[in-house]
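Shown below: coords11.cif, with mmCIF, C-alpha atoms.
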```cif
data_input
#
loop_
_atom_site.label_atom_id
_atom_site.label_comp_id
_atom_site.auth_asym_id
_atom_site.auth_seq_id
_atom_site.Cartn_x
_atom_site.Cartn_y
_atom_site.Cartn_z
CA MET A 298 90.66 149.16 111.46
CA ARG A 299 87.00 148.20 111.78
CA ASP A 300 86.75 147.97 107.99
CA THR A 301 89.70 145.54 107.90
CA PHE A 302 88.07 143.39 110.58
CA SER A 303 84.72 143.15 108.79
CA ARG A 304 86.43 142.34 105.48
CA ARG A 305 88.32 139.55 107.18
CA ILE A 306 85.14 138.11 108.67
CA ALA A 307 83.46 138.37 105.25
CA SER A 308 86.40 136.42 103.73
CA TYR A 309 86.10 133.65 106.34
CA VAL A 310 82.35 133.40 105.79
CA LEU A 311 82.91 133.20 102.03
CA VAL A 312 85.40 130.34 102.46
CA ALA A 313 83.01 128.40 104.73
CA LEU A 314 80.05 129.05 102.41
CA LEU A 315 81.90 127.95 99.28
CA SER A 316 83.14 124.79 101.04
CA GLY A 317 79.58 123.86 102.00
CA LEU A 318 78.29 124.64 98.52
CA SER A 319 81.03 122.46 96.95
CA VAL A 320 79.86 119.46 98.97
CA LEU A 321 76.20 120.14 98.18
CA ALA A 322 76.91 120.51 94.46
CA ALA A 323 79.02 117.34 94.29
CA GLY A 324 76.55 115.38 96.47
CA ARG A 325 73.67 116.19 94.12
CA ALA A 326 75.09 113.62 91.72
CA ARG A 327 73.86 110.87 94.08
CA LYS A 328 70.64 109.14 93.08
CA PRO A 329 68.32 106.76 94.93
CA PHE A 330 68.78 103.03 94.30
CA SER A 331 66.46 100.05 94.41
CA PRO A 332 67.35 97.45 97.07
CA ASP A 333 65.08 94.93 95.34
CA ALA A 334 66.10 91.72 93.56
CA PRO A 335 64.40 88.56 92.26
CA ASP A 336 63.14 86.30 95.08
CA PHE A 337 65.85 83.70 94.42
CA ARG A 338 68.50 86.26 95.45
CA LYS A 339 66.79 86.95 98.80
CA LYS A 340 67.20 85.04 102.05
CA GLY A 341 65.45 85.35 105.40
CA PRO A 342 61.95 86.44 106.38
CA ALA A 343 60.48 89.46 104.57
CA ALA A 344 59.43 90.95 107.94
CA ALA A 345 62.95 90.70 109.45
CA LYS A 346 64.05 93.79 111.38
CA ILE A 347 67.42 93.85 109.61
CA LEU A 348 67.74 94.18 105.84
CA ILE A 349 71.21 93.61 104.40
CA VAL A 350 71.77 94.43 100.74
CA GLU A 351 75.12 93.29 99.38
CA PHE A 352 76.66 94.54 96.13
CA SER A 353 79.20 91.91 95.19
CA ASP A 354 81.47 90.60 92.43
CA PHE A 355 82.18 86.87 92.16
CA GLN A 356 85.74 87.46 90.96
CA CYS A 357 86.66 89.90 93.73
CA PRO A 358 88.87 88.35 96.47
CA ALA A 359 87.56 90.85 99.06
CA CYS A 360 84.02 89.57 98.37
CA ARG A 361 85.20 86.01 98.98
CA TYR A 362 86.77 87.06 102.31
CA ALA A 363 83.49 88.74 103.24
CA GLU A 364 81.66 85.42 102.93
CA ALA A 365 82.94 84.35 106.36
CA PRO A 366 81.41 87.32 108.27
CA VAL A 367 78.23 87.09 106.18
CA ARG A 368 77.80 83.40 107.06
CA GLN A 369 78.62 84.24 110.69
CA ILE A 370 75.83 86.86 110.67
CA PHE A 371 73.34 84.19 109.58
CA THR A 372 74.54 81.86 112.32
CA VAL A 373 74.27 84.53 115.03
CA TYR A 374 71.22 86.51 113.92
CA GLY A 375 69.24 83.81 112.06
CA ASP A 376 65.71 84.88 111.22
CA LYS A 377 66.26 88.43 112.36
CA VAL A 378 68.01 89.10 109.05
CA ARG A 379 66.77 89.51 105.50
CA PHE A 380 69.61 89.35 102.95
CA VAL A 381 69.52 90.56 99.34
CA PHE A 382 72.30 89.88 96.85
CA LYS A 383 72.94 92.42 94.07
CA HIS A 384 75.40 91.86 91.24
CA PHE A 385 78.18 94.40 90.89
CA PRO A 386 80.80 92.89 88.56
CA LEU A 387 83.71 95.33 88.39
CA ARG A 388 84.97 96.31 84.93
CA MET A 389 88.53 95.29 85.78
CA HIS A 390 87.42 91.69 86.46
CA GLU A 391 87.20 89.94 83.12
CA TRP A 392 85.18 86.90 84.20
CA ALA A 393 82.98 88.55 86.82
CA LYS A 394 80.13 89.35 84.43
CA PRO A 395 79.91 85.86 82.83
CA ALA A 396 79.96 84.42 86.36
CA ALA A 397 77.17 86.78 87.44
CA VAL A 398 75.05 85.75 84.44
CA ALA A 399 75.79 82.07 85.13
CA ALA A 400 74.69 82.48 88.77
CA GLU A 401 71.60 84.41 87.67
CA CYS A 402 70.65 81.54 85.36
CA ALA A 403 71.28 79.01 88.14
CA GLY A 404 68.96 81.15 90.27
CA ARG A 405 66.22 80.87 87.71
CA GLN A 406 66.38 77.11 88.34
CA GLY A 407 66.28 77.63 92.11
CA LYS A 408 70.01 77.06 92.71
CA PHE A 409 71.35 80.60 93.08
CA TRP A 410 72.83 80.24 96.58
CA GLU A 411 74.42 76.86 95.84
CA TYR A 412 76.04 78.27 92.70
CA HIS A 413 76.99 81.49 94.54
CA ASP A 414 78.77 79.50 97.29
CA ARG A 415 80.57 77.35 94.74
CA LEU A 416 81.84 80.43 92.85
CA TYR A 417 83.30 81.96 96.02
CA ASP A 418 84.64 78.72 97.47
CA ARG A 419 86.45 77.90 94.20
CA GLN A 420 87.34 81.43 93.12
CA ASP A 421 91.01 80.58 92.51
CA GLU A 422 90.01 77.71 90.24
CA TRP A 423 87.75 79.43 87.66
CA THR A 424 89.14 82.99 87.42
CA ASN A 425 91.23 82.34 84.32
CA PRO A 426 90.71 82.06 80.54
CA LYS A 427 89.06 78.66 81.04
CA ALA A 428 86.33 80.26 83.19
CA ASP A 429 83.56 79.20 80.81
CA ASP A 430 84.47 75.50 81.14
CA PHE A 431 84.43 75.77 84.93
CA LEU A 432 81.11 77.64 84.97
CA LEU A 433 79.61 74.82 82.90
CA GLY A 434 81.19 72.24 85.20
CA TYR A 435 79.62 73.90 88.26
CA ALA A 436 76.23 73.92 86.52
CA GLN A 437 76.63 70.17 85.92
CA ALA A 438 77.69 69.62 89.53
CA GLU A 439 74.55 71.45 90.72
CA LYS A 440 72.49 69.18 88.42
CA LEU A 441 70.98 72.10 86.54
CA ASP A 442 69.00 71.61 83.37
CA LEU A 443 71.98 72.43 81.16
CA LYS A 444 69.97 73.15 78.02
CA ALA A 445 67.80 75.67 79.86
CA TRP A 446 70.84 77.12 81.68
CA GLN A 447 72.77 77.63 78.42
CA ALA A 448 69.68 79.18 76.76
CA CYS A 449 69.32 81.51 79.74
CA ARG A 450 72.97 82.62 79.46
CA LEU A 451 72.35 83.60 75.84
CA ASN A 452 69.08 85.30 76.68
CA PRO A 453 69.62 89.08 77.01
CA SER A 454 67.27 89.20 80.02
CA ALA A 455 69.89 87.58 82.31
CA ALA A 456 72.56 90.08 81.32
CA ALA A 457 69.96 92.85 81.66
CA ALA A 458 69.24 91.79 85.26
CA VAL A 459 72.97 92.04 86.06
CA ALA A 460 73.19 95.41 84.30
CA ALA A 461 70.18 96.71 86.27
CA ASP A 462 71.93 95.79 89.54
CA GLN A 463 75.09 97.52 88.34
CA LYS A 464 73.06 100.65 87.60
CA ASP A 465 71.56 100.49 91.11
CA GLY A 466 75.08 100.22 92.53
CA GLU A 467 76.28 103.19 90.51
CA ASN A 468 73.29 105.21 91.71
CA ALA A 469 74.24 104.27 95.28
CA TRP A 470 77.85 105.35 94.63
CA VAL A 471 79.18 101.87 95.16
CA GLY A 472 82.88 102.22 94.40
CA SER A 473 84.27 99.03 95.90
CA THR A 474 83.04 95.52 96.43
CA PRO A 475 81.68 94.17 98.63
CA THR A 476 79.49 97.06 99.76
CA PHE A 477 76.74 96.30 102.27
CA PHE A 478 73.72 98.40 103.15
CA ILE A 479 72.32 97.43 106.53
CA ASN A 480 68.93 99.09 106.96
CA GLY A 481 70.20 101.67 104.48
CA ARG A 482 73.52 102.33 106.20
CA ARG A 483 76.67 101.64 104.19
CA PHE A 484 79.53 99.33 105.22
CA VAL A 485 82.35 98.76 102.76
CA GLY A 486 84.37 95.55 102.94
CA ALA A 487 84.51 92.59 105.29
CA LYS A 488 86.26 94.54 108.06
CA GLN A 489 83.64 97.31 108.27
CA LEU A 490 80.88 94.67 108.14
CA ALA A 491 82.40 92.54 110.89
CA GLU A 492 83.60 95.35 113.18
CA LEU A 493 81.02 98.09 112.69
CA GLY A 494 78.12 96.40 110.89
CA THR A 495 77.34 93.92 113.65
CA LEU A 496 77.41 96.69 116.30
CA PHE A 497 74.98 98.67 114.15
CA MET A 498 72.74 95.61 113.80
CA ASP A 499 72.68 95.14 117.57
CA ARG A 500 71.59 98.76 117.98
CA GLU A 501 68.92 98.38 115.29
CA LEU A 502 67.55 95.25 116.99
CA LYS A 503 67.25 97.09 120.33
CA LYS A 504 65.08 99.81 118.78
CA MET B 129 104.91 141.84 90.01
CA LYS B 130 108.21 139.99 90.37
CA PRO B 131 108.53 136.52 88.77
CA ARG B 132 108.66 134.87 92.21
CA ALA B 133 105.44 136.60 93.24
CA ILE B 134 103.77 135.42 90.02
CA VAL B 135 104.93 131.82 90.69
CA ALA B 136 103.62 132.08 94.28
CA MET B 137 100.24 133.39 93.09
CA ALA B 138 99.94 130.66 90.44
CA GLY B 139 101.02 128.10 93.04
CA ARG B 140 98.39 129.36 95.50
CA VAL B 141 95.63 129.05 92.89
CA PHE B 142 96.86 125.62 91.75
CA LEU B 143 97.09 124.30 95.32
CA GLY B 144 93.64 125.65 96.11
CA ALA B 145 92.07 124.11 93.00
CA VAL B 146 93.68 120.70 93.65
CA LEU B 147 92.54 120.65 97.30
CA ILE B 148 88.99 121.73 96.39
CA TYR B 149 88.79 119.00 93.75
CA ALA B 150 90.23 116.39 96.14
CA GLY B 151 87.97 117.46 99.01
CA ALA B 152 84.75 117.74 96.97
CA SER B 153 85.22 114.39 95.20
CA LYS B 154 85.72 112.67 98.57
CA ALA B 155 83.10 114.63 100.51
CA ALA B 156 80.44 113.91 97.89
CA ALA B 157 81.10 110.17 98.00
CA PRO B 158 80.19 108.09 101.07
CA ALA B 159 82.76 108.41 103.87
CA GLU B 160 82.82 104.60 104.20
CA GLU B 161 84.50 104.34 100.77
CA PHE B 162 87.31 106.67 101.83
CA ALA B 163 87.51 104.94 105.23
CA LEU B 164 88.22 101.69 103.38
CA VAL B 165 91.18 103.34 101.60
CA ILE B 166 92.46 104.83 104.88
CA GLY B 167 92.19 101.35 106.42
CA ALA B 168 94.32 99.92 103.58
CA TYR B 169 97.26 102.09 104.75
CA ASP B 170 97.17 100.15 108.04
CA LEU B 171 98.21 103.19 110.09
CA VAL B 172 95.11 104.00 112.14
CA PRO B 173 92.53 101.76 113.88
CA ALA B 174 89.24 101.11 112.06
CA SER B 175 87.36 103.10 114.72
CA ILE B 176 89.32 106.24 113.74
CA ALA B 177 89.30 105.65 109.96
CA LEU B 178 85.61 106.51 109.55
CA PRO B 179 85.58 109.83 111.49
CA LEU B 180 88.85 110.75 109.75
CA ALA B 181 87.27 109.97 106.38
CA GLY B 182 84.44 112.34 107.23
CA LEU B 183 86.69 115.13 108.51
CA LEU B 184 89.61 115.18 106.07
CA PRO B 185 87.65 116.16 102.92
CA TRP B 186 86.16 119.13 104.79
CA LEU B 187 89.60 120.26 105.90
CA GLU B 188 90.83 119.99 102.30
CA LEU B 189 87.86 122.05 101.10
CA LEU B 190 88.30 124.81 103.68
CA VAL B 191 92.06 125.06 103.09
CA GLY B 192 91.53 124.79 99.32
CA TRP B 193 89.05 127.67 99.15
CA ALA B 194 91.19 129.75 101.53
CA LEU B 195 94.16 129.27 99.17
CA LEU B 196 92.20 129.86 95.99
CA LEU B 197 90.73 133.10 97.30
CA GLY B 198 93.85 134.10 99.19
CA VAL B 199 92.26 134.20 102.65
CA GLU B 200 94.90 133.78 105.37
CA ALA B 201 97.00 132.32 102.56
CA ARG B 202 100.10 131.93 104.73
CA THR B 203 98.26 129.94 107.41
CA ALA B 204 96.38 127.96 104.76
CA SER B 205 99.62 127.07 102.97
CA ALA B 206 101.13 125.96 106.31
CA VAL B 207 98.13 123.70 107.00
CA ALA B 208 98.24 122.42 103.40
CA GLY B 209 101.97 121.76 103.83
CA ALA B 210 101.37 119.85 107.07
CA MET B 211 98.62 117.78 105.42
CA THR B 212 100.85 117.06 102.43
CA GLY B 213 103.64 116.02 104.83
CA VAL B 214 101.28 113.55 106.52
CA PHE B 215 100.16 112.22 103.11
CA LEU B 216 103.81 111.81 102.04
CA ALA B 217 104.65 109.95 105.26
CA ALA B 218 101.62 107.66 104.83
CA ILE B 219 102.38 106.90 101.17
CA GLY B 220 106.09 106.48 101.96
CA SER B 221 105.29 103.99 104.72
CA VAL B 222 103.08 101.97 102.35
CA LEU B 223 105.86 101.91 99.73
CA ALA B 224 108.47 100.97 102.36
CA ARG B 225 106.34 98.16 103.83
CA GLY B 226 105.45 96.83 100.36
CA ILE B 227 101.70 97.10 101.03
CA GLN B 228 99.76 96.86 97.76
CA ILE B 229 97.10 99.54 97.49
CA PRO B 230 95.61 100.00 94.02
CA ASN B 231 94.60 103.60 94.65
CA CYS B 232 96.05 106.28 96.96
CA GLY B 233 92.54 107.59 97.73
CA CYS B 234 93.68 111.17 97.10
CA PHE B 235 90.77 112.07 94.81
CA GLY B 236 88.13 109.57 95.90
CA GLU B 237 86.69 107.73 92.92
CA ALA B 238 87.26 110.70 90.59
CA MET B 239 90.91 109.95 89.77
CA HIS B 240 93.16 107.03 90.67
CA PHE B 241 96.87 107.57 91.42
CA THR B 242 99.25 104.75 92.27
CA PRO B 243 101.18 105.33 95.52
CA ALA B 244 104.36 106.11 93.53
CA HIS B 245 102.60 108.75 91.41
CA ALA B 246 100.90 110.18 94.48
CA PHE B 247 104.30 110.47 96.21
CA LEU B 248 105.70 112.53 93.30
CA PHE B 249 102.57 114.68 93.10
CA ASP B 250 102.54 115.35 96.85
CA SER B 251 106.23 116.29 96.71
CA LEU B 252 105.34 118.95 94.10
CA MET B 253 102.46 120.10 96.32
CA ALA B 254 104.80 120.38 99.33
CA ALA B 255 107.24 122.51 97.31
CA LEU B 256 104.40 124.82 96.23
CA CYS B 257 103.18 125.12 99.84
CA TRP B 258 106.65 126.34 100.81
CA ILE B 259 106.71 128.91 97.98
CA VAL B 260 103.27 130.26 98.97
CA PHE B 261 104.15 130.25 102.68
CA THR B 262 107.27 132.37 102.14
CA ALA B 263 105.61 134.83 99.70
CA GLU B 264 104.01 138.21 100.46
CA PRO B 265 100.21 138.44 99.96
CA ASP B 266 99.63 138.98 96.23
CA PRO B 267 97.41 141.83 95.01
CA LEU B 268 94.69 139.47 93.76
CA SER B 269 94.19 137.77 97.14
CA LEU B 270 91.43 138.63 99.60
CA ASP B 271 94.18 139.09 102.18
CA SER B 272 95.29 142.18 100.22
CA TRP B 273 91.72 143.39 99.97
CA SER B 274 91.11 143.06 103.69
CA GLN B 275 94.45 144.65 104.63
CA ARG B 276 94.69 147.54 102.22
CA GLY B 277 91.60 147.50 100.06
CA LEU B 278 91.81 146.57 96.37
#
```

Show me, as structure tokens, the structure contained in the file I just sent.
Amino acid sequence: MRDTFSRRIASYVLVALLSGLSVLAAGRARKPFSPDAPDFRKKGPAAAKILIVEFSDFQCPACRYAEAPVRQIFTVYGDKVRFVFKHFPLRMHEWAKPAAVAAECAGRQGKFWEYHDRLYDRQDEWTNPKADDFLLGYAQAEKLDLKAWQACRLNPSAAAAVAADQKDGENAWVGSTPTFFINGRRFVGAKQLAELGTLFMDRELKK
Amino acid sequence: MKPRAIVAMAGRVFLGAVLIYAGASKAAAPAEEFALVIGAYDLVPASIALPLAGLLPWLELLVGWALLLGVEARTASAVAGAMTGVFLAAIGSVLARGIQIPNCGCFGEAMHFTPAHAFLFDSLMAALCWIVFTAEPDPLSLDSWSQRGL
């Protein structure tokens, strides 16, 4: 009787132990990621108490919807927030990578945020096989040096910057866009950012 | 061993392996990712989605290992059956309401099932849970070891 009882307890302990080990083993695949980006993809004071890192895809509708809460955060929190944009073009979005490179090259001429806003505001317009014509049109509208912008798009360093961000996102286990890290804590999608992210920011600011 | 007992034993191992894989792939990834998928079903408030996303993978792991090793296999198959029933109801409601979700969230980022495929797969899982639930403990389970000794 006593033998049966101790064998049972041993079985339960084994189940609990193996469950914990499964999580540990699977979690070891996570790697650290760099929240850094070129200065033109950063907004807000470097000493701000809140650091928001966004992994985003210009072709993703959910990222466009998230623009409203992001802009609201800037209105409400102002200089208390430092914002960093990281490219994370999803493989299933055909024109996301060319758009990311185009925005990166606009950034190198000091017009990243203007180009970024234009891509989201007009997402329905350019996400089609004529994307390249629209990307060029937006560069013209932003009065970029078109020769330098086109040369930048062909320069492997712009694509490499996008790829480096993608690698950072993969290391951070970003599976969906937009994903936000607020002071290191993850919020996925506009809803989590608006409903939980702002509460978290309030708590961080009270610290 | 009778053919039915062999099917029940194979079913127990299969169910256990599937639940361990599903639980580990979700538990290893950030809970916020799974919470986003739970939110897409539009069945629970956002405040519950995140704790649920943290808890559910652990439940799958515990039940999965219990089934794989044959520890309290009857209880584990009942819990697995109840979980599968909830999953079927959730997927069924999404299909009935015409909500578009690209991924059922069953295996985190490791494997993507459409809701229709997930419904068929969960139906198979539910049938296996019933077979395991109604079977006697098989000789290779830890239940047998703790009751009679191997």

Within 7 Å of chain A: residues of chain B, using all atoms listed in the file, as JSON, numbers by chain: {"B": [152, 153, 155, 156, 157, 160, 161, 164, 189, 190, 193, 194, 199, 237, 270, 274, 275]}

Coordinates-based distance that separates atom CA of Glu351 of chain A from atom CA of Phe330 of chain A (Å, one decimal): 12.7 Å

Ala218 of chain B surroundings by all atoms listed in the file, 8 Å radius, close-in-sequence under 4 positions cut, as a PyMOL selection string: chain B and resi 169+171+214+222

Expected selection from the PyMOL selection byres ((chain A and resi 375-383) around 7), given as JSON, numbers by chain: {"A": [334, 338, 339, 340, 341, 342, 343, 345, 346, 347, 348, 349, 350, 351, 352, 353, 371, 372, 373, 374, 384, 385, 462]}

Keeping only C-alpha atoms, take the residues you just selected and write them out as a PDB file, keeping the file's coordinate frame.
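The result, written out as again_21.pdb:
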```pdb
ATOM      1  CA  ALA A 334      66.100  91.720  93.560  1.00  0.00           C
ATOM      2  CA  ARG A 338      68.500  86.260  95.450  1.00  0.00           C
ATOM      3  CA  LYS A 339      66.790  86.950  98.800  1.00  0.00           C
ATOM      4  CA  LYS A 340      67.200  85.040 102.050  1.00  0.00           C
ATOM      5  CA  GLY A 341      65.450  85.350 105.400  1.00  0.00           C
ATOM      6  CA  PRO A 342      61.950  86.440 106.380  1.00  0.00           C
ATOM      7  CA  ALA A 343      60.480  89.460 104.570  1.00  0.00           C
ATOM      8  CA  ALA A 345      62.950  90.700 109.450  1.00  0.00           C
ATOM      9  CA  LYS A 346      64.050  93.790 111.380  1.00  0.00           C
ATOM     10  CA  ILE A 347      67.420  93.850 109.610  1.00  0.00           C
ATOM     11  CA  LEU A 348      67.740  94.180 105.840  1.00  0.00           C
ATOM     12  CA  ILE A 349      71.210  93.610 104.400  1.00  0.00           C
ATOM     13  CA  VAL A 350      71.770  94.430 100.740  1.00  0.00           C
ATOM     14  CA  GLU A 351      75.120  93.290  99.380  1.00  0.00           C
ATOM     15  CA  PHE A 352      76.660  94.540  96.130  1.00  0.00           C
ATOM     16  CA  SER A 353      79.200  91.910  95.190  1.00  0.00           C
ATOM     17  CA  PHE A 371      73.340  84.190 109.580  1.00  0.00           C
ATOM     18  CA  THR A 372      74.540  81.860 112.320  1.00  0.00           C
ATOM     19  CA  VAL A 373      74.270  84.530 115.030  1.00  0.00           C
ATOM     20  CA  TYR A 374      71.220  86.510 113.920  1.00  0.00           C
ATOM     21  CA  HIS A 384      75.400  91.860  91.240  1.00  0.00           C
ATOM     22  CA  PHE A 385      78.180  94.400  90.890  1.00  0.00           C
ATOM     23  CA  ASP A 462      71.930  95.790  89.540  1.00  0.00           C
TER      24      ASP A 462
END
```

Expected selection from the PyMOL selection byres ((chain B and resi 215) around 12), given as a count of residues only: 30

Picked residues, the PyMOL selection byres ((chain A and resi 446-457) around 12), expected as a VMD selection string: chain A and resid 335 384 to 386 393 to 409 429 432 to 437 439 to 445 458 to 464

Two-atom distance - atom CA of His245 of chain B, atom CA of Gln228 of chain B (Å):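 Answer for the atom CA of His245 of chain B to atom CA of Gln228 of chain B separation: 13.8 Å.
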
Please list as a PDB file with C-alpha atoms, in the frame of the given file every residue within 12 Å of Phe261 of chain B, counting only C-alpha atoms and excluding residues in the same chain fewer than 5 positions away.
```
ATOM      1  CA  ALA B 133     105.440 136.600  93.240  1.00  0.00           C
ATOM      2  CA  ALA B 136     103.620 132.080  94.280  1.00  0.00           C
ATOM      3  CA  MET B 137     100.240 133.390  93.090  1.00  0.00           C
ATOM      4  CA  GLY B 139     101.020 128.100  93.040  1.00  0.00           C
ATOM      5  CA  ARG B 140      98.390 129.360  95.500  1.00  0.00           C
ATOM      6  CA  LEU B 143      97.090 124.300  95.320  1.00  0.00           C
ATOM      7  CA  LEU B 195      94.160 129.270  99.170  1.00  0.00           C
ATOM      8  CA  GLY B 198      93.850 134.100  99.190  1.00  0.00           C
ATOM      9  CA  GLU B 200      94.900 133.780 105.370  1.00  0.00           C
ATOM     10  CA  ALA B 201      97.000 132.320 102.560  1.00  0.00           C
ATOM     11  CA  ARG B 202     100.100 131.930 104.730  1.00  0.00           C
ATOM     12  CA  THR B 203      98.260 129.940 107.410  1.00  0.00           C
ATOM     13  CA  ALA B 204      96.380 127.960 104.760  1.00  0.00           C
ATOM     14  CA  SER B 205      99.620 127.070 102.970  1.00  0.00           C
ATOM     15  CA  ALA B 206     101.130 125.960 106.310  1.00  0.00           C
ATOM     16  CA  VAL B 207      98.130 123.700 107.000  1.00  0.00           C
ATOM     17  CA  ALA B 208      98.240 122.420 103.400  1.00  0.00           C
ATOM     18  CA  GLY B 209     101.970 121.760 103.830  1.00  0.00           C
ATOM     19  CA  ALA B 210     101.370 119.850 107.070  1.00  0.00           C
ATOM     20  CA  ALA B 254     104.800 120.380  99.330  1.00  0.00           C
ATOM     21  CA  ALA B 255     107.240 122.510  97.310  1.00  0.00           C
ATOM     22  CA  LEU B 256     104.400 124.820  96.230  1.00  0.00           C
ATOM     23  CA  ASP B 266      99.630 138.980  96.230  1.00  0.00           C
TER      24      ASP B 266
END
```
